[in-house]
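Coordinates as given in structure_37.cif (mmCIF, C-alpha atoms):
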data_work
#
loop_
_atom_site.label_atom_id
_atom_site.label_comp_id
_atom_site.auth_asym_id
_atom_site.auth_seq_id
_atom_site.Cartn_x
_atom_site.Cartn_y
_atom_site.Cartn_z
CA MET A 1 -6.45 3.75 -18.15
CA SER A 2 -3.48 4.94 -16.14
CA ASN A 3 -0.32 2.92 -15.85
CA LEU A 4 0.52 4.10 -12.32
CA THR A 5 -0.76 3.00 -8.93
CA PHE A 6 0.26 3.44 -5.32
CA GLY A 7 1.08 0.79 -2.77
CA ILE A 8 2.24 0.51 0.80
CA ILE A 9 3.99 -2.43 2.39
CA LYS A 10 2.50 -1.95 5.85
CA PRO A 11 4.26 -1.98 9.23
CA ASP A 12 3.25 -5.59 9.99
CA ALA A 13 4.98 -6.89 6.86
CA VAL A 14 8.08 -4.73 7.43
CA ARG A 15 8.26 -5.83 11.09
CA ALA A 16 8.08 -9.47 9.98
CA GLY A 17 10.93 -8.89 7.51
CA ASN A 18 8.74 -9.63 4.49
CA HIS A 19 9.18 -6.35 2.60
CA GLY A 20 11.99 -7.72 0.42
CA LYS A 21 9.93 -10.78 -0.50
CA ILE A 22 6.97 -8.55 -1.34
CA VAL A 23 9.12 -6.29 -3.55
CA ASP A 24 10.40 -9.42 -5.34
CA ARG A 25 6.81 -10.52 -5.98
CA ILE A 26 5.88 -7.05 -7.26
CA LEU A 27 8.74 -7.16 -9.77
CA ALA A 28 7.97 -10.76 -10.74
CA ALA A 29 4.39 -9.67 -11.51
CA GLY A 30 5.72 -7.27 -14.13
CA PHE A 31 5.50 -3.98 -12.23
CA LYS A 32 8.20 -1.34 -12.57
CA ILE A 33 9.00 0.56 -9.41
CA ARG A 34 8.95 4.28 -10.21
CA GLY A 35 9.32 5.40 -6.60
CA MET A 36 10.10 3.60 -3.33
CA LYS A 37 10.85 4.84 0.17
CA LEU A 38 11.15 3.32 3.62
CA ILE A 39 9.35 5.76 5.93
CA HIS A 40 7.97 5.93 9.45
CA GLN A 41 4.81 8.02 9.42
CA SER A 42 3.81 10.11 12.40
CA LEU A 43 0.25 9.68 13.65
CA LYS A 44 -0.59 13.08 12.11
CA GLN A 45 0.78 11.98 8.69
CA ALA A 46 -1.22 8.73 8.83
CA GLU A 47 -4.35 10.68 9.79
CA GLY A 48 -3.77 12.98 6.81
CA PHE A 49 -3.29 10.08 4.42
CA TYR A 50 -6.40 8.24 5.65
CA ALA A 51 -8.52 11.40 6.14
CA VAL A 52 -11.13 9.99 3.75
CA HIS A 53 -11.88 7.38 6.46
CA SER A 54 -11.92 9.83 9.40
CA GLU A 55 -15.59 9.19 10.20
CA ARG A 56 -15.25 5.40 10.07
CA PRO A 57 -15.08 3.41 13.32
CA PHE A 58 -11.73 1.84 12.40
CA PHE A 59 -9.96 5.20 11.74
CA GLY A 60 -8.14 5.43 15.10
CA GLU A 61 -6.98 1.82 15.01
CA LEU A 62 -5.86 2.16 11.37
CA THR A 63 -3.85 5.34 11.89
CA GLU A 64 -2.27 4.01 15.11
CA PHE A 65 -1.23 0.86 13.24
CA MET A 66 0.09 2.72 10.18
CA SER A 67 2.23 4.96 12.41
CA SER A 68 3.42 2.07 14.62
CA GLY A 69 6.56 1.34 12.62
CA PRO A 70 8.32 1.72 9.29
CA CYS A 71 6.52 0.98 6.03
CA VAL A 72 7.50 1.06 2.37
CA VAL A 73 5.63 3.40 0.03
CA LEU A 74 5.66 2.58 -3.68
CA ALA A 75 4.72 4.18 -6.98
CA LEU A 76 4.18 1.26 -9.35
CA GLU A 77 3.87 1.18 -13.13
CA LYS A 78 2.23 -1.47 -15.25
CA GLU A 79 -0.51 -1.56 -17.87
CA ASN A 80 -3.85 -1.32 -16.01
CA ALA A 81 -1.86 -0.77 -12.83
CA VAL A 82 -4.72 -0.23 -10.35
CA PRO A 83 -6.60 -3.47 -11.06
CA ALA A 84 -3.36 -5.42 -11.57
CA TRP A 85 -2.03 -4.31 -8.15
CA ARG A 86 -5.36 -5.03 -6.43
CA GLU A 87 -5.35 -8.52 -7.94
CA LEU A 88 -1.79 -9.16 -6.72
CA MET A 89 -2.70 -7.89 -3.22
CA GLY A 90 -5.76 -10.12 -2.84
CA ALA A 91 -8.87 -9.66 -0.71
CA THR A 92 -8.72 -7.37 2.33
CA ASN A 93 -9.43 -10.37 4.57
CA PRO A 94 -6.45 -12.72 4.15
CA ALA A 95 -8.70 -15.70 4.95
CA GLU A 96 -10.68 -14.87 1.79
CA ALA A 97 -7.67 -13.94 -0.37
CA ALA A 98 -6.82 -16.15 -3.33
CA GLU A 99 -3.81 -18.45 -3.21
CA GLY A 100 -0.63 -16.74 -4.37
CA THR A 101 -1.77 -13.22 -3.44
CA LEU A 102 0.29 -11.04 -1.13
CA ARG A 103 -2.35 -10.92 1.57
CA LYS A 104 -2.84 -14.69 1.51
CA ASP A 105 0.89 -15.22 1.94
CA PHE A 106 1.91 -12.33 4.23
CA ALA A 107 -1.13 -10.92 6.10
CA SER A 108 -2.29 -12.00 9.52
CA SER A 109 -5.68 -10.26 9.81
CA ILE A 110 -8.06 -7.81 8.17
CA GLY A 111 -6.45 -4.97 10.15
CA GLU A 112 -2.85 -6.08 9.64
CA ASN A 113 -3.08 -7.15 6.02
CA ALA A 114 0.49 -6.49 4.81
CA VAL A 115 -0.23 -4.14 1.89
CA HIS A 116 -2.34 -1.17 0.79
CA GLY A 117 -3.33 -0.28 -2.73
CA SER A 118 -5.19 2.52 -4.44
CA ASP A 119 -8.79 1.74 -5.32
CA SER A 120 -8.98 4.02 -8.39
CA GLU A 121 -6.79 5.94 -10.80
CA GLU A 122 -7.87 9.21 -9.19
CA ASN A 123 -6.89 8.03 -5.71
CA ALA A 124 -3.63 6.58 -7.03
CA ALA A 125 -2.63 10.05 -8.29
CA ILE A 126 -3.58 11.65 -4.94
CA GLU A 127 -1.80 8.98 -2.89
CA ILE A 128 1.38 9.06 -4.99
CA ALA A 129 1.49 12.85 -4.64
CA TYR A 130 1.06 12.55 -0.85
CA PHE A 131 4.37 10.69 -0.51
CA PHE A 132 6.41 11.50 -3.63
CA SER A 133 7.51 14.68 -5.36
CA LYS A 134 7.81 14.63 -9.17
CA LEU A 135 11.59 14.54 -8.71
CA GLU A 136 11.33 11.24 -6.82
CA LEU A 137 9.38 9.46 -9.55
CA VAL A 138 11.74 7.95 -12.11
#
I'd like the structure from this file rewritten - as structure tokens, please.
Amino acid sequence: MSNLTFGIIKPDAVRAGNHGKIVDRILAAGFKIRGMKLIHQSLKQAEGFYAVHSERPFFGELTEFMSSGPCVVLALEKENAVPAWRELMGATNPAEAAEGTLRKDFASSIGENAVHGSDSEENAAIEIAYFFSKLELV
């Protein structure tokens, strides 16, 4: 199992000023941050990142939202990183997320759910490479 995963602190959480609190929680959960950037994606960049969902009905809304303001992209390291990060994030729907998860504490809706995380090791590698060069991963 890989020790790296990818995460995004989404525009809603950055707009609300919660990105620092979320980074604190990531570190408290035992993750090491191997790469971190504050970025503002263009619509075209968001469409490229979420291309796998291009046929889904929520694609336009998702890419508009993800390009609506700054977000923080993260390369995270921990043993069993993908499942550990998904557990810390919580369920996609914050109303169903477990107490103490990031989405329970910082998300407002299914669409604006504060954080993104890779769903597999393969996608983590692809997603990290989309935003980070090897030089930027320490």
query = Excluding same-chain residues fewer than 4 positions from range 2-18 of chain A, what lies within 9 Å of it counting only C-alpha atoms, as a PyMOL selection string?
reply = chain A and resi 22-23+34+40+65-83+85+106-108+112-121+123-125+127-128
Write out as a PDB file with C-alpha atoms, keeping the file's coordinate frame each polymer residue whose atoms come within 7 Å of Leu137 in chain A, counting only C-alpha atoms; drop sequence neighbours fewer than 2 positions from it.
ATOM      1  CA  ARG A  34       8.950   4.280 -10.210  1.00  0.00           C
ATOM      2  CA  GLY A  35       9.320   5.400  -6.600  1.00  0.00           C
ATOM      3  CA  PHE A 132       6.410  11.500  -3.630  1.00  0.00           C
ATOM      4  CA  SER A 133       7.510  14.680  -5.360  1.00  0.00           C
ATOM      5  CA  LYS A 134       7.810  14.630  -9.170  1.00  0.00           C
ATOM      6  CA  LEU A 135      11.590  14.540  -8.710  1.00  0.00           C
TER       7      LEU A 135
END
query = For Glu87 in chain A, which residue out of A:Asp24, A:Ala29, A:Gly60, A:Tyr50 is the nearest one, using all atoms listed in the file?
reply =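 Closest to Glu87 in chain A of all the choices is A:Ala29.
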ask   = Between CA of Ala129 in chain A and CA of Ser42 in chain A, what is the distance, to one decimal in Å?
value = 17.4 Å
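Minimum atom-to-atom distance to Ala95 in chain A, evaluated using all atoms listed in the file, belongs to A:Ile110 out of A:Tyr130, A:Ser54, A:Ile110, A:Lys44.
Across the structure, CA of Ile126 in chain A and CA of His53 in chain A are spaced 14.7 Å apart.
The residue that comes closest to Leu102 in chain A, out of A:Met89, A:Val138, A:Ala51, A:Leu62 and on the basis of all atoms listed in the file, is A:Met89.
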note = Atom pair CA of Gln45 in chain A + CA of Phe59 in chain A, distance 13.1 Å
query = Of the candidates A:Phe31, A:Glu136, A:Gly20, A:Arg25, which one gets nearest to Ala84 in chain A if we count all atoms listed in the file?
reply =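 For Ala84 in chain A, the nearest of the candidates is A:Phe31.
Counting only C-alpha atoms and comparing A:Lys32, A:Leu43, A:Ser109, A:Arg56, the residue that lies closest to Ala97 in chain A is A:Ser109.
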key: A:Glu122, A:Pro94, A:Gly111, A:Thr101 ranked by distance to Thr63 in chain A, top pick (using only C-alpha atoms)   = A:Gly111
